[in-house]
file query-v1.cif (mmCIF, C-alpha atoms and all ligand atoms)
data_model
loop_
_atom_site.label_atom_id
_atom_site.label_comp_id
_atom_site.auth_asym_id
_atom_site.auth_seq_id
_atom_site.Cartn_x
_atom_site.Cartn_y
_atom_site.Cartn_z
CA MET A 269 48.95 -188.40 -110.49
CA VAL A 270 50.14 -188.17 -114.08
CA GLN A 271 48.40 -185.37 -115.95
CA PRO A 272 47.75 -185.73 -119.69
CA ARG A 273 50.44 -183.94 -121.66
CA GLU A 274 49.54 -180.56 -123.07
CA SER A 275 49.90 -179.86 -126.77
CA PHE A 276 50.02 -177.05 -129.30
CA GLY A 277 46.71 -176.46 -131.06
CA SER A 278 48.00 -175.97 -134.59
CA ARG A 279 51.04 -176.12 -136.82
CA LEU A 280 51.07 -172.34 -137.15
CA GLY A 281 50.75 -172.01 -133.39
CA PHE A 282 53.85 -174.12 -132.81
CA ILE A 283 55.83 -172.30 -135.50
CA MET A 284 54.92 -168.91 -134.04
CA ALA A 285 55.83 -170.05 -130.52
CA ALA A 286 59.17 -171.42 -131.74
CA VAL A 287 59.87 -168.31 -133.82
CA GLY A 288 58.86 -166.30 -130.75
CA SER A 289 61.51 -168.11 -128.76
CA ALA A 290 64.13 -167.60 -131.45
CA VAL A 291 63.38 -163.95 -132.20
CA GLY A 292 64.48 -162.00 -129.17
CA LEU A 293 67.01 -159.52 -127.88
CA GLY A 294 69.55 -161.61 -129.79
CA ASN A 295 68.07 -160.50 -133.10
CA MET A 296 67.43 -156.94 -132.16
CA TRP A 297 70.80 -156.01 -130.73
CA ARG A 298 73.28 -158.88 -130.55
CA PHE A 299 73.12 -159.58 -134.27
CA SER A 300 73.53 -156.03 -135.55
CA TYR A 301 76.17 -155.23 -132.99
CA LEU A 302 78.24 -158.30 -133.82
CA THR A 303 77.82 -157.74 -137.55
CA ALA A 304 79.09 -154.20 -137.32
CA GLU A 305 82.03 -155.23 -135.16
CA ASN A 306 83.05 -158.25 -137.18
CA GLY A 307 83.25 -157.17 -140.80
CA GLY A 308 79.71 -156.45 -141.96
CA ALA A 309 78.46 -158.60 -144.80
CA ALA A 310 81.36 -161.03 -144.38
CA PHE A 311 80.10 -161.80 -140.89
CA VAL A 312 76.53 -162.15 -142.18
CA LEU A 313 77.72 -164.76 -144.68
CA LEU A 314 79.57 -166.65 -141.99
CA TYR A 315 76.52 -166.49 -139.75
CA ILE A 316 74.28 -167.85 -142.52
CA GLY A 317 76.77 -170.67 -143.05
CA PHE A 318 76.70 -171.59 -139.35
CA THR A 319 72.93 -171.34 -139.22
CA LEU A 320 72.58 -173.80 -142.10
CA LEU A 321 75.37 -176.23 -141.27
CA ILE A 322 75.34 -176.21 -137.47
CA GLY A 323 72.18 -174.44 -136.26
CA LEU A 324 69.68 -176.19 -138.49
CA PRO A 325 70.93 -179.75 -137.77
CA VAL A 326 70.94 -179.11 -134.03
CA LEU A 327 67.49 -177.51 -134.23
CA LEU A 328 66.15 -180.57 -135.99
CA ALA A 329 67.89 -182.75 -133.39
CA GLU A 330 66.15 -180.90 -130.55
CA LEU A 331 62.78 -181.17 -132.27
CA ALA A 332 63.22 -184.89 -132.92
CA LEU A 333 64.35 -185.59 -129.37
CA GLY A 334 61.54 -183.60 -127.77
CA ARG A 335 58.76 -184.94 -129.95
CA GLY A 336 60.05 -188.51 -129.78
CA ALA A 337 60.30 -188.54 -126.00
CA GLN A 338 57.20 -186.39 -125.35
CA ARG A 339 59.14 -185.15 -122.35
CA SER A 340 61.17 -182.11 -121.33
CA PRO A 341 65.01 -182.17 -121.34
CA ILE A 342 65.93 -184.21 -118.25
CA ALA A 343 63.28 -186.87 -118.78
CA ALA A 344 63.87 -186.94 -122.56
CA LEU A 345 67.58 -187.66 -122.20
CA VAL A 346 66.90 -190.31 -119.56
CA HIS A 347 64.20 -191.83 -121.80
CA TYR A 348 66.60 -192.38 -124.71
CA GLY A 349 69.96 -192.55 -122.98
CA GLY A 350 69.39 -194.02 -119.52
CA SER A 351 69.66 -192.42 -116.10
CA GLY A 352 73.34 -191.54 -116.63
CA TRP A 353 72.20 -188.72 -118.94
CA GLY A 354 69.96 -187.06 -116.39
CA TRP A 355 72.66 -184.68 -115.14
CA ARG A 356 73.12 -183.34 -118.69
CA GLY A 357 69.42 -182.50 -118.87
CA ALA A 358 69.74 -180.86 -115.45
CA MET A 359 72.43 -178.58 -116.94
CA PHE A 360 69.89 -177.40 -119.51
CA VAL A 361 67.50 -176.52 -116.75
CA ALA A 362 70.25 -174.74 -114.82
CA CYS A 363 71.03 -172.78 -117.96
CA GLY A 364 67.35 -171.81 -118.17
CA PHE A 365 67.49 -170.40 -114.63
CA LEU A 366 70.71 -168.51 -115.31
CA SER A 367 69.74 -167.13 -118.74
CA LEU A 368 66.29 -165.92 -117.83
CA SER A 369 67.48 -164.18 -114.68
CA TYR A 370 69.67 -161.71 -116.60
CA TYR A 371 67.61 -161.70 -119.81
CA SER A 372 64.69 -160.46 -117.74
CA VAL A 373 66.75 -157.55 -116.36
CA ILE A 374 67.48 -156.35 -119.91
CA ALA A 375 63.86 -156.93 -120.87
CA GLY A 376 62.87 -154.82 -117.86
CA TRP A 377 64.88 -151.90 -119.30
CA THR A 378 63.02 -152.24 -122.60
CA ILE A 379 59.60 -152.02 -120.93
CA ARG A 380 60.75 -149.05 -118.91
CA TYR A 381 62.01 -147.31 -122.05
CA ALA A 382 58.73 -148.02 -123.82
CA VAL A 383 56.70 -146.57 -120.97
CA GLU A 384 58.99 -143.57 -120.51
CA SER A 385 59.11 -142.67 -124.17
CA LEU A 386 55.34 -142.82 -124.26
CA THR A 387 54.83 -140.66 -121.20
CA LEU A 388 57.73 -138.42 -120.21
CA GLY A 389 59.86 -138.58 -123.33
CA PHE A 390 63.56 -139.36 -123.12
CA PRO A 391 65.73 -137.20 -120.90
CA SER A 392 68.31 -135.05 -122.65
CA ASP A 393 71.29 -137.14 -121.59
CA PRO A 394 70.55 -140.77 -122.50
CA GLU A 395 73.94 -141.89 -121.30
CA ALA A 396 73.43 -140.64 -117.76
CA HIS A 397 69.86 -141.88 -117.88
CA PHE A 398 70.91 -145.38 -118.82
CA ALA A 399 73.56 -145.38 -116.10
CA ALA A 400 70.91 -144.35 -113.59
CA ILE A 401 68.22 -146.88 -114.50
CA SER A 402 70.19 -149.94 -115.58
CA THR A 403 71.05 -151.06 -112.07
CA GLY A 404 69.65 -150.74 -108.57
CA GLY A 405 66.10 -150.62 -107.24
CA ALA A 406 64.58 -149.38 -110.51
CA ALA A 407 66.13 -152.21 -112.50
CA ILE A 408 64.91 -154.75 -109.95
CA ALA A 409 61.39 -153.34 -110.10
CA TRP A 410 61.13 -153.59 -113.91
CA HIS A 411 62.71 -157.03 -113.86
CA LEU A 412 59.96 -158.02 -111.43
CA VAL A 413 57.27 -156.60 -113.73
CA PHE A 414 58.65 -158.54 -116.67
CA MET A 415 58.86 -161.77 -114.65
CA LEU A 416 55.27 -161.36 -113.47
CA VAL A 417 54.04 -161.13 -117.06
CA SER A 418 56.14 -164.14 -118.14
CA VAL A 419 55.01 -166.28 -115.20
CA THR A 420 51.36 -165.41 -115.86
CA ILE A 421 51.56 -166.54 -119.49
CA VAL A 422 53.36 -169.80 -118.67
CA LEU A 423 50.96 -170.45 -115.82
CA VAL A 424 48.02 -170.37 -118.21
CA GLY A 425 49.56 -173.20 -120.22
CA VAL A 426 51.08 -174.20 -123.53
CA HIS A 427 48.05 -173.87 -125.78
CA LYS A 428 46.07 -171.15 -124.05
CA GLY A 429 49.04 -169.16 -122.81
CA ILE A 430 52.24 -169.53 -124.82
CA GLU A 431 50.67 -170.36 -128.19
CA ARG A 432 47.98 -167.69 -128.10
CA VAL A 433 50.37 -164.96 -127.04
CA ALA A 434 52.76 -165.92 -129.87
CA LEU A 435 49.97 -166.03 -132.45
CA VAL A 436 48.96 -162.49 -131.60
CA LEU A 437 52.30 -160.85 -130.89
CA MET A 438 54.65 -162.33 -133.49
CA PRO A 439 52.82 -161.08 -136.62
CA LEU A 440 52.58 -157.69 -134.96
CA LEU A 441 56.30 -157.71 -134.31
CA PHE A 442 57.09 -158.53 -137.97
CA VAL A 443 54.95 -155.65 -139.17
CA VAL A 444 56.55 -153.20 -136.75
CA VAL A 445 60.14 -154.21 -137.52
CA CYS A 446 59.49 -154.01 -141.30
CA GLY A 447 57.68 -150.71 -140.85
CA ILE A 448 60.60 -149.16 -138.98
CA ALA A 449 63.06 -150.47 -141.60
CA ILE A 450 61.00 -148.90 -144.40
CA TYR A 451 60.72 -145.60 -142.55
CA ALA A 452 64.47 -145.62 -141.85
CA ALA A 453 65.14 -146.02 -145.57
CA THR A 454 63.47 -142.69 -146.25
CA LEU A 455 65.85 -140.75 -143.97
CA ASP A 456 68.63 -138.62 -145.44
CA GLY A 457 71.91 -140.26 -144.66
CA ALA A 458 70.48 -143.76 -144.36
CA GLY A 459 72.95 -144.85 -147.02
CA ALA A 460 75.88 -144.48 -144.64
CA GLY A 461 74.12 -146.86 -142.26
CA TYR A 462 73.68 -149.48 -144.96
CA THR A 463 77.30 -149.07 -145.98
CA TYR A 464 78.48 -149.64 -142.43
CA TYR A 465 76.18 -152.61 -141.94
CA LEU A 466 76.59 -154.34 -145.27
CA THR A 467 80.00 -153.59 -146.68
CA ALA A 468 81.95 -156.80 -146.62
CA ASP A 469 85.32 -156.76 -144.97
CA PHE A 470 86.76 -160.20 -145.50
CA SER A 471 90.09 -159.46 -143.88
CA GLY A 472 89.20 -160.59 -140.37
CA MET A 473 86.69 -163.18 -141.41
CA PHE A 474 88.70 -166.21 -140.52
CA SER A 475 90.01 -165.12 -137.17
CA PHE A 476 89.09 -167.49 -134.39
CA SER A 477 87.10 -164.93 -132.47
CA VAL A 478 84.98 -163.88 -135.47
CA VAL A 479 84.21 -167.49 -136.32
CA SER A 480 83.29 -168.33 -132.76
CA ASP A 481 81.14 -165.18 -132.45
CA ALA A 482 79.25 -166.21 -135.58
CA ALA A 483 78.74 -169.75 -134.31
CA SER A 484 77.61 -168.80 -130.84
CA GLN A 485 75.30 -166.13 -132.25
CA ALA A 486 73.70 -168.74 -134.53
CA PHE A 487 73.09 -170.84 -131.44
CA PHE A 488 71.86 -168.07 -129.18
CA SER A 489 69.55 -166.68 -131.81
CA LEU A 490 67.92 -170.03 -132.56
CA SER A 491 67.48 -170.71 -128.82
CA LEU A 492 69.56 -173.87 -129.14
CA GLY A 493 71.68 -175.79 -126.68
CA MET A 494 69.54 -175.55 -123.57
CA GLY A 495 66.44 -177.52 -124.38
CA ALA A 496 64.01 -174.69 -125.18
CA MET A 497 63.19 -176.00 -128.65
CA LEU A 498 63.28 -179.55 -127.29
CA THR A 499 60.70 -178.64 -124.66
CA TYR A 500 58.37 -176.96 -127.17
CA ALA A 501 58.69 -179.98 -129.47
CA SER A 502 57.64 -182.27 -126.63
CA TYR A 503 54.15 -180.79 -127.08
CA LEU A 504 53.98 -181.86 -130.75
CA SER A 505 52.20 -184.77 -132.34
CA GLU A 506 53.42 -186.85 -135.23
CA GLU A 507 51.71 -184.92 -138.02
CA HIS A 508 54.37 -182.25 -137.80
CA HIS A 509 56.85 -182.12 -140.67
CA LEU A 510 59.92 -181.37 -138.55
CA PRO A 511 62.41 -180.69 -141.39
CA ASP A 512 60.13 -178.13 -143.04
CA GLU A 513 59.23 -176.53 -139.75
CA SER A 514 62.84 -176.22 -138.64
CA LEU A 515 63.66 -174.51 -141.94
CA VAL A 516 60.81 -172.03 -141.53
CA ILE A 517 61.87 -171.26 -137.96
CA ALA A 518 65.52 -170.71 -138.92
CA MET A 519 64.74 -168.58 -141.96
CA THR A 520 62.26 -166.38 -140.13
CA ASP A 521 64.70 -165.87 -137.29
CA PHE A 522 67.40 -164.80 -139.73
CA ALA A 523 65.03 -162.54 -141.64
CA VAL A 524 64.00 -160.68 -138.50
CA ALA A 525 67.62 -160.21 -137.40
CA PHE A 526 68.59 -158.96 -140.84
CA ILE A 527 65.67 -156.56 -141.14
CA ALA A 528 66.23 -155.28 -137.60
CA GLY A 529 69.76 -154.36 -138.74
CA LEU A 530 68.26 -152.52 -141.72
CA ALA A 531 66.23 -150.50 -139.22
CA VAL A 532 68.86 -149.82 -136.57
CA PHE A 533 71.87 -148.68 -138.65
CA PRO A 534 70.17 -146.15 -140.93
CA LEU A 535 68.49 -144.60 -137.87
CA ILE A 536 71.81 -144.20 -136.11
CA PHE A 537 73.75 -142.99 -139.16
CA ALA A 538 71.09 -140.64 -140.43
CA LEU A 539 71.54 -138.69 -137.21
CA GLY A 540 75.31 -138.81 -137.29
CA LEU A 541 75.65 -140.88 -134.15
CA SER A 542 77.88 -143.49 -135.66
CA GLU A 543 80.83 -143.10 -133.27
CA ALA A 544 78.61 -144.35 -130.50
CA VAL A 545 77.81 -147.70 -132.09
CA GLY A 546 80.76 -149.63 -130.84
CA GLU A 547 80.68 -148.26 -127.29
CA SER A 548 79.24 -151.32 -125.66
CA THR A 549 76.93 -154.15 -126.49
CA VAL A 550 74.00 -152.37 -124.95
CA GLY A 551 75.17 -148.94 -126.05
CA ALA A 552 73.67 -148.93 -129.52
CA LEU A 553 70.27 -149.95 -128.27
CA PHE A 554 69.79 -148.15 -124.98
CA ILE A 555 71.95 -145.05 -125.46
CA THR A 556 72.46 -144.28 -129.13
CA LEU A 557 68.93 -145.10 -130.33
CA PRO A 558 67.19 -142.99 -127.68
CA LYS A 559 69.52 -140.16 -128.76
CA ALA A 560 68.46 -140.73 -132.36
CA PHE A 561 64.77 -140.80 -131.45
CA SER A 562 64.91 -137.62 -129.41
CA GLU A 563 66.75 -135.75 -132.18
CA MET A 564 64.13 -136.83 -134.67
CA GLY A 565 61.38 -134.62 -133.30
CA PRO A 566 57.73 -135.70 -133.55
CA ALA A 567 58.47 -138.81 -135.62
CA GLY A 568 60.85 -139.92 -132.89
CA SER A 569 58.24 -139.64 -130.19
CA VAL A 570 56.05 -142.08 -132.09
CA LEU A 571 58.88 -144.38 -133.15
CA ALA A 572 60.52 -144.67 -129.74
CA PRO A 573 57.64 -146.31 -127.85
CA VAL A 574 56.82 -148.52 -130.83
CA PHE A 575 60.43 -149.66 -131.13
CA PHE A 576 60.89 -150.38 -127.44
CA MET A 577 57.52 -152.14 -127.21
CA ALA A 578 58.61 -154.35 -130.10
CA LEU A 579 61.83 -155.12 -128.23
CA ALA A 580 59.87 -155.97 -125.09
CA VAL A 581 57.57 -158.26 -127.08
CA ALA A 582 60.52 -160.02 -128.70
CA ALA A 583 62.07 -160.50 -125.27
CA LEU A 584 58.81 -161.73 -123.76
CA THR A 585 58.19 -164.53 -126.25
CA SER A 586 61.80 -165.69 -125.75
CA ALA A 587 61.56 -165.45 -121.97
CA ILE A 588 58.48 -167.66 -121.81
CA SER A 589 60.37 -170.39 -123.66
CA LEU A 590 63.20 -170.17 -121.14
CA LEU A 591 60.75 -170.34 -118.27
CA GLU A 592 58.93 -173.25 -119.89
CA VAL A 593 62.16 -175.30 -119.79
CA VAL A 594 62.26 -174.91 -116.02
CA VAL A 595 58.53 -175.42 -115.55
CA ALA A 596 58.27 -178.48 -117.81
CA ALA A 597 61.21 -180.08 -116.00
CA ALA A 598 59.50 -179.63 -112.63
CA ILE A 599 56.25 -181.03 -114.03
CA ASP A 600 57.86 -184.04 -115.74
CA SER A 601 60.60 -184.88 -113.27
CA LEU A 602 59.16 -183.79 -109.91
CA GLY A 603 55.49 -184.35 -110.66
CA TRP A 604 54.58 -180.76 -109.76
CA THR A 605 51.50 -178.99 -111.09
CA ARG A 606 52.03 -176.27 -113.70
CA THR A 607 50.89 -173.61 -111.23
CA ARG A 608 53.33 -174.65 -108.54
CA ALA A 609 56.18 -175.05 -111.05
CA ALA A 610 55.58 -171.63 -112.62
CA LEU A 611 55.31 -169.84 -109.28
CA VAL A 612 58.30 -171.47 -107.63
CA GLY A 613 60.47 -171.38 -110.79
CA GLY A 614 59.51 -167.76 -111.42
CA ALA A 615 60.29 -166.77 -107.83
CA VAL A 616 63.73 -168.38 -107.89
CA ILE A 617 64.60 -166.74 -111.22
CA THR A 618 63.36 -163.38 -109.99
CA ALA A 619 65.60 -163.71 -106.94
CA LEU A 620 68.60 -164.73 -109.05
CA GLY A 621 68.03 -161.66 -111.24
CA VAL A 622 68.77 -159.34 -108.34
CA GLY A 623 72.51 -159.99 -108.88
CA PRO A 624 72.67 -158.77 -112.50
CA ALA A 625 70.18 -156.00 -111.69
CA LEU A 626 72.60 -154.62 -109.12
CA ASP A 627 75.80 -154.87 -111.10
CA LEU A 628 76.29 -154.77 -114.87
CA ARG A 629 79.49 -156.76 -114.56
CA VAL A 630 77.50 -159.65 -113.13
CA LEU A 631 75.09 -159.35 -116.05
CA ASP A 632 77.90 -159.37 -118.56
CA TRP A 633 79.49 -162.35 -116.89
CA MET A 634 76.23 -164.32 -116.86
CA ASP A 635 75.71 -163.55 -120.56
CA LYS A 636 79.17 -164.86 -121.35
CA ILE A 637 78.81 -168.02 -119.25
CA ALA A 638 75.33 -168.83 -120.54
CA GLY A 639 75.53 -167.53 -124.11
CA ASN A 640 79.08 -168.41 -125.06
CA LEU A 641 79.77 -171.48 -122.93
CA LEU A 642 76.68 -173.32 -121.77
CA LEU A 643 74.73 -173.06 -125.03
CA VAL A 644 77.63 -174.25 -127.14
CA ALA A 645 78.43 -177.06 -124.68
CA GLY A 646 74.74 -177.99 -124.65
CA GLY A 647 74.60 -178.05 -128.45
CA LEU A 648 77.66 -180.26 -128.54
CA ALA A 649 76.03 -182.68 -126.09
CA LEU A 650 72.79 -182.69 -128.08
CA ALA A 651 74.55 -183.37 -131.37
CA VAL A 652 76.48 -186.27 -129.86
CA PHE A 653 73.38 -187.59 -128.13
CA VAL A 654 71.12 -187.56 -131.18
CA GLY A 655 73.94 -188.57 -133.54
CA TRP A 656 75.29 -191.49 -131.51
CA VAL A 657 73.06 -192.41 -128.56
CA MET A 658 69.40 -191.89 -129.47
CA GLN A 659 67.87 -194.87 -131.18
CA SER A 660 66.54 -194.27 -134.67
CA PRO A 661 66.53 -190.47 -134.77
CA MET A 662 65.97 -190.60 -138.53
CA GLY A 663 62.89 -192.74 -137.98
CA GLU A 664 61.58 -190.13 -135.55
CA VAL A 665 62.10 -187.27 -138.01
CA ALA A 666 60.56 -189.32 -140.82
CA ARG A 667 57.26 -189.56 -138.94
CA GLY A 668 55.22 -186.88 -140.67
CA ALA A 669 58.02 -186.26 -143.17
CA GLU A 670 58.17 -189.39 -145.28
CA GLY A 671 60.25 -189.19 -148.41
CA VAL A 672 62.78 -186.64 -147.18
CA ARG A 673 65.96 -187.97 -148.72
CA TRP A 674 68.71 -186.12 -146.95
CA LEU A 675 68.17 -187.40 -143.41
CA PHE A 676 71.32 -189.54 -143.56
CA LEU A 677 73.23 -186.33 -144.31
CA TRP A 678 71.66 -184.71 -141.26
CA ARG A 679 72.70 -187.63 -139.06
CA TRP A 680 76.22 -187.55 -140.44
CA LEU A 681 76.49 -183.80 -139.77
CA LEU A 682 75.42 -184.43 -136.17
CA ARG A 683 77.90 -187.25 -135.76
CA VAL A 684 81.09 -185.70 -137.06
CA PRO A 685 81.29 -182.12 -138.36
CA VAL A 686 78.93 -180.46 -135.88
CA PRO A 687 80.64 -181.86 -132.75
CA LEU A 688 84.08 -181.01 -134.16
CA VAL A 689 83.15 -177.43 -134.97
CA LEU A 690 81.34 -176.93 -131.67
CA ALA A 691 84.27 -178.37 -129.71
CA ALA A 692 86.57 -175.87 -131.44
CA VAL A 693 84.17 -173.01 -130.75
CA LEU A 694 83.88 -174.07 -127.12
CA TYR A 695 87.64 -174.13 -126.81
CA ALA A 696 87.84 -170.64 -128.32
CA SER A 697 85.17 -169.32 -125.96
CA ILE A 698 86.86 -170.78 -122.91
CA ALA A 699 90.21 -169.37 -124.03
CA ALA A 700 88.61 -165.95 -124.60
CA LEU A 701 86.98 -166.00 -121.20
CA PHE A 702 90.04 -166.77 -119.10
N1 LIG B 801 66.86 -166.77 -129.02
C1 LIG B 801 66.71 -165.76 -128.03
C2 LIG B 801 67.17 -164.43 -128.61
O1 LIG B 801 67.57 -164.34 -129.74
C3 LIG B 801 67.47 -166.05 -126.78
C4 LIG B 801 67.21 -167.42 -126.21
C5 LIG B 801 68.27 -168.31 -126.05
C6 LIG B 801 65.93 -167.81 -125.84
C7 LIG B 801 68.05 -169.58 -125.56
C8 LIG B 801 65.69 -169.09 -125.37
C9 LIG B 801 66.75 -169.98 -125.23
O2 LIG B 801 67.16 -163.45 -127.94
#

call {"tool": "encode", "arguments": {"input": "query-v1.cif", "output": "structure tokens"}}
result
Amino acid sequence: MVQPRESFGSRLGFIMAAVGSAVGLGNMWRFSYLTAENGGAAFVLLYIGFTLLIGLPVLLAELALGRGAQRSPIAALVHYGGSGWGWRGAMFVACGFLSLSYYSVIAGWTIRYAVESLTLGFPSDPEAHFAAISTGGAAIAWHLVFMLVSVTIVLVGVHKGIERVALVLMPLLFVVVCGIAIYAATLDGAGAGYTYYLTADFSGMFSFSVVSDAASQAFFSLSLGMGAMLTYASYLSEEHHLPDESLVIAMTDFAVAFIAGLAVFPLIFALGLSEAVGESTVGALFITLPKAFSEMGPAGSVLAPVFFMALAVAALTSAISLLEVVVAAAIDSLGWTRTRAALVGGAVITALGVGPALDLRVLDWMDKIAGNLLLVAGGLALAVFVGWVMQSPMGEVARGAEGVRWLFLWRWLLRVPVPLVLAAVLYASIAALF
């Protein structure tokens, strides 16, 4: 039996859910880490460029495709492109399985850190502590906790679950991130953090690896290339002004990433822990920051749980969008109920997460395959699909957004420059991987 399609209750509700998907671990650690590694402000400029010229057009493409088809990825591509496109949608769903299974392991660490810093305080050697908890039975247990929460929210539904959670948690997250950034500015030595974060070094800016890092970060951070935004948009009606909404989503996502950097670097530099920043992608967040918090005294014991809770919240609202891709596909393409889809999908992802929870190399590898390859390849496919295959994409965007004059420019970007750039980035990522 076909069930009536669910929908978001309000414009703000959709925007918060989409921003919730976009704002995640990618903003809180991937962005600041990559910025510091790749030339500070120069990288930020490059990232803004990619967000505007590549991210925004693809975001609008996903929204148009999802809303137009009123279906999740597999069924949406089949709807506009014929059954030959079904396998491409299936790749999005596969990417959802893969991404959430390791994302949830990292998210599990953040909940554990939040709980520990609230109760026991951080142990004196954060490095050894991280080594002890990041893999093995403990990591599996917290991954399970995180998956249980995600499955519960998705099970409740789009409006009552996903939208409500985003409406409550996202504003809270903004306040907390801004609050920490303001507090960090008052610390002695914060200046060195800003200098490290924001001094432009243009020398390496045009190396292939920096450019491809900036492009794939723009994609990862906006949750593009795997049908998450497409799936959320399939719950929209025609009153939505997609161009305006995509701009709000992209700008908010950037703002949170930028402000998170303004919080993280001064904290680390004020305590003289700067050598530790570049140690590893997770190092700054799970080793250096706990060090900073525990050296801060009483302020640190308040900041630490707040910071790690904020991280867990950011991860949660992203995770539910990943899970929704899988769940919506099972509902639309297999005719399952939401309950069955959420339980079975959640169980499979939880099982897949055991691999990365046992071995950090597996986690790293999954992040590279999903983040650097599959998302970029997915974005390339989406640009080509909406640019060349989908009928009347501009007509779809114009519903609810009459009078927007630059839609032809959007279509042209999707047809030529975006695929060319993404193909080059994909080539660079594949070359870097092997
Ligand atoms: N955008 C999320 C982040 O920044 C990650 C994500 C990617 C979520 C793809 C959903 C889909 O952490």

call {"tool": "residues_near_ligand", "arguments": {"input": "query-v1.cif", "ligand": "ligand LIG 801 (chain B)", "cutoff": "9 Å", "atoms": "all atoms listed in the file", "output": "PyMOL selection string"}}
result
chain A and resi 287-299+363-364+367-368+371+485-497+521+525+582-583+585-591+593+638-639+643

call {"tool": "atom_distance", "arguments": {"input": "query-v1.cif", "atom1": "CA of Gly447 in chain A", "atom2": "CA of Pro558 in chain A"}}
result
18.0 Å

call {"tool": "atom_distance", "arguments": {"input": "query-v1.cif", "atom1": "CA of Gly317 in chain A", "atom2": "CA of Leu441 in chain A"}}
result
25.8 Å

call {"tool": "closest_residue", "arguments": {"input": "query-v1.cif", "among": "A:Ala332, A:Leu435, A:Tyr370, A:Asp456", "to": "Thr403 in chain A", "atoms": "all atoms listed in the file"}}
result
A:Tyr370

call {"tool": "closest_residue", "arguments": {"input": "query-v1.cif", "among": "A:Val478, A:Ala518, A:Ala538, A:Leu280", "to": "Glu305 in chain A", "atoms": "all atoms listed in the file"}}
result
A:Val478

call {"tool": "atom_distance", "arguments": {"input": "query-v1.cif", "atom1": "CA of Leu648 in chain A", "atom2": "CA of Ala483 in chain A"}}
result
12.0 Å

call {"tool": "closest_residue", "arguments": {"input": "query-v1.cif", "among": "A:Phe414, A:Phe561, A:Tyr348, A:Phe702", "to": "Trp377 in chain A", "atoms": "all atoms listed in the file"}}
result
A:Phe414

call {"tool": "residues_near_point", "arguments": {"input": "query-v1.cif", "point": "(84.7, -167.5, -122.3)", "cutoff": "12 Å", "atoms": "only C-alpha atoms", "output": "short mmCIF file (atom, residue, chain, number, x, y, z; two decimals) with C-alpha atoms, in the frame of the given file"}}
result
data_model
loop_
_atom_site.label_atom_id
_atom_site.label_comp_id
_atom_site.auth_asym_id
_atom_site.auth_seq_id
_atom_site.Cartn_x
_atom_site.Cartn_y
_atom_site.Cartn_z
CA SER A 477 87.10 -164.93 -132.47
CA SER A 480 83.29 -168.33 -132.76
CA ASP A 481 81.14 -165.18 -132.45
CA SER A 484 77.61 -168.80 -130.84
CA ASP A 632 77.90 -159.37 -118.56
CA TRP A 633 79.49 -162.35 -116.89
CA MET A 634 76.23 -164.32 -116.86
CA ASP A 635 75.71 -163.55 -120.56
CA LYS A 636 79.17 -164.86 -121.35
CA ILE A 637 78.81 -168.02 -119.25
CA ALA A 638 75.33 -168.83 -120.54
CA GLY A 639 75.53 -167.53 -124.11
CA ASN A 640 79.08 -168.41 -125.06
CA LEU A 641 79.77 -171.48 -122.93
CA LEU A 642 76.68 -173.32 -121.77
CA LEU A 643 74.73 -173.06 -125.03
CA VAL A 644 77.63 -174.25 -127.14
CA ALA A 645 78.43 -177.06 -124.68
CA VAL A 693 84.17 -173.01 -130.75
CA LEU A 694 83.88 -174.07 -127.12
CA TYR A 695 87.64 -174.13 -126.81
CA ALA A 696 87.84 -170.64 -128.32
CA SER A 697 85.17 -169.32 -125.96
CA ILE A 698 86.86 -170.78 -122.91
CA ALA A 699 90.21 -169.37 -124.03
CA ALA A 700 88.61 -165.95 -124.60
CA LEU A 701 86.98 -166.00 -121.20
CA PHE A 702 90.04 -166.77 -119.10
#

call {"tool": "closest_residue", "arguments": {"input": "query-v1.cif", "among": "A:Gly405, A:Gly277, A:Gly352, A:Pro534", "to": "Ala625 in chain A", "atoms": "all atoms listed in the file"}}
result
A:Gly405

call {"tool": "residues_around", "arguments": {"input": "query-v1.cif", "residues": "Ser660 in chain A", "least_positions_apart": "3", "cutoff": "12 Å", "atoms": "only C-alpha atoms", "output": "VMD selection string"}}
result
chain A and resid 329 332 to 333 336 348 653 to 657 663 to 667 675 to 676 679

call {"tool": "write_last_selection", "arguments": {"input": "query-v1.cif", "atoms": "C-alpha atoms", "output": "PDB file, in the coordinates of the input"}}
result
ATOM      1  CA  ALA A 329      67.890-182.750-133.390  1.00  0.00           C
ATOM      2  CA  ALA A 332      63.220-184.890-132.920  1.00  0.00           C
ATOM      3  CA  LEU A 333      64.350-185.590-129.370  1.00  0.00           C
ATOM      4  CA  GLY A 336      60.050-188.510-129.780  1.00  0.00           C
ATOM      5  CA  TYR A 348      66.600-192.380-124.710  1.00  0.00           C
ATOM      6  CA  PHE A 653      73.380-187.590-128.130  1.00  0.00           C
ATOM      7  CA  VAL A 654      71.120-187.560-131.180  1.00  0.00           C
ATOM      8  CA  GLY A 655      73.940-188.570-133.540  1.00  0.00           C
ATOM      9  CA  TRP A 656      75.290-191.490-131.510  1.00  0.00           C
ATOM     10  CA  VAL A 657      73.060-192.410-128.560  1.00  0.00           C
ATOM     11  CA  GLY A 663      62.890-192.740-137.980  1.00  0.00           C
ATOM     12  CA  GLU A 664      61.580-190.130-135.550  1.00  0.00           C
ATOM     13  CA  VAL A 665      62.100-187.270-138.010  1.00  0.00           C
ATOM     14  CA  ALA A 666      60.560-189.320-140.820  1.00  0.00           C
ATOM     15  CA  ARG A 667      57.260-189.560-138.940  1.00  0.00           C
ATOM     16  CA  LEU A 675      68.170-187.400-143.410  1.00  0.00           C
ATOM     17  CA  PHE A 676      71.320-189.540-143.560  1.00  0.00           C
ATOM     18  CA  ARG A 679      72.700-187.630-139.060  1.00  0.00           C
TER      19      ARG A 679
END
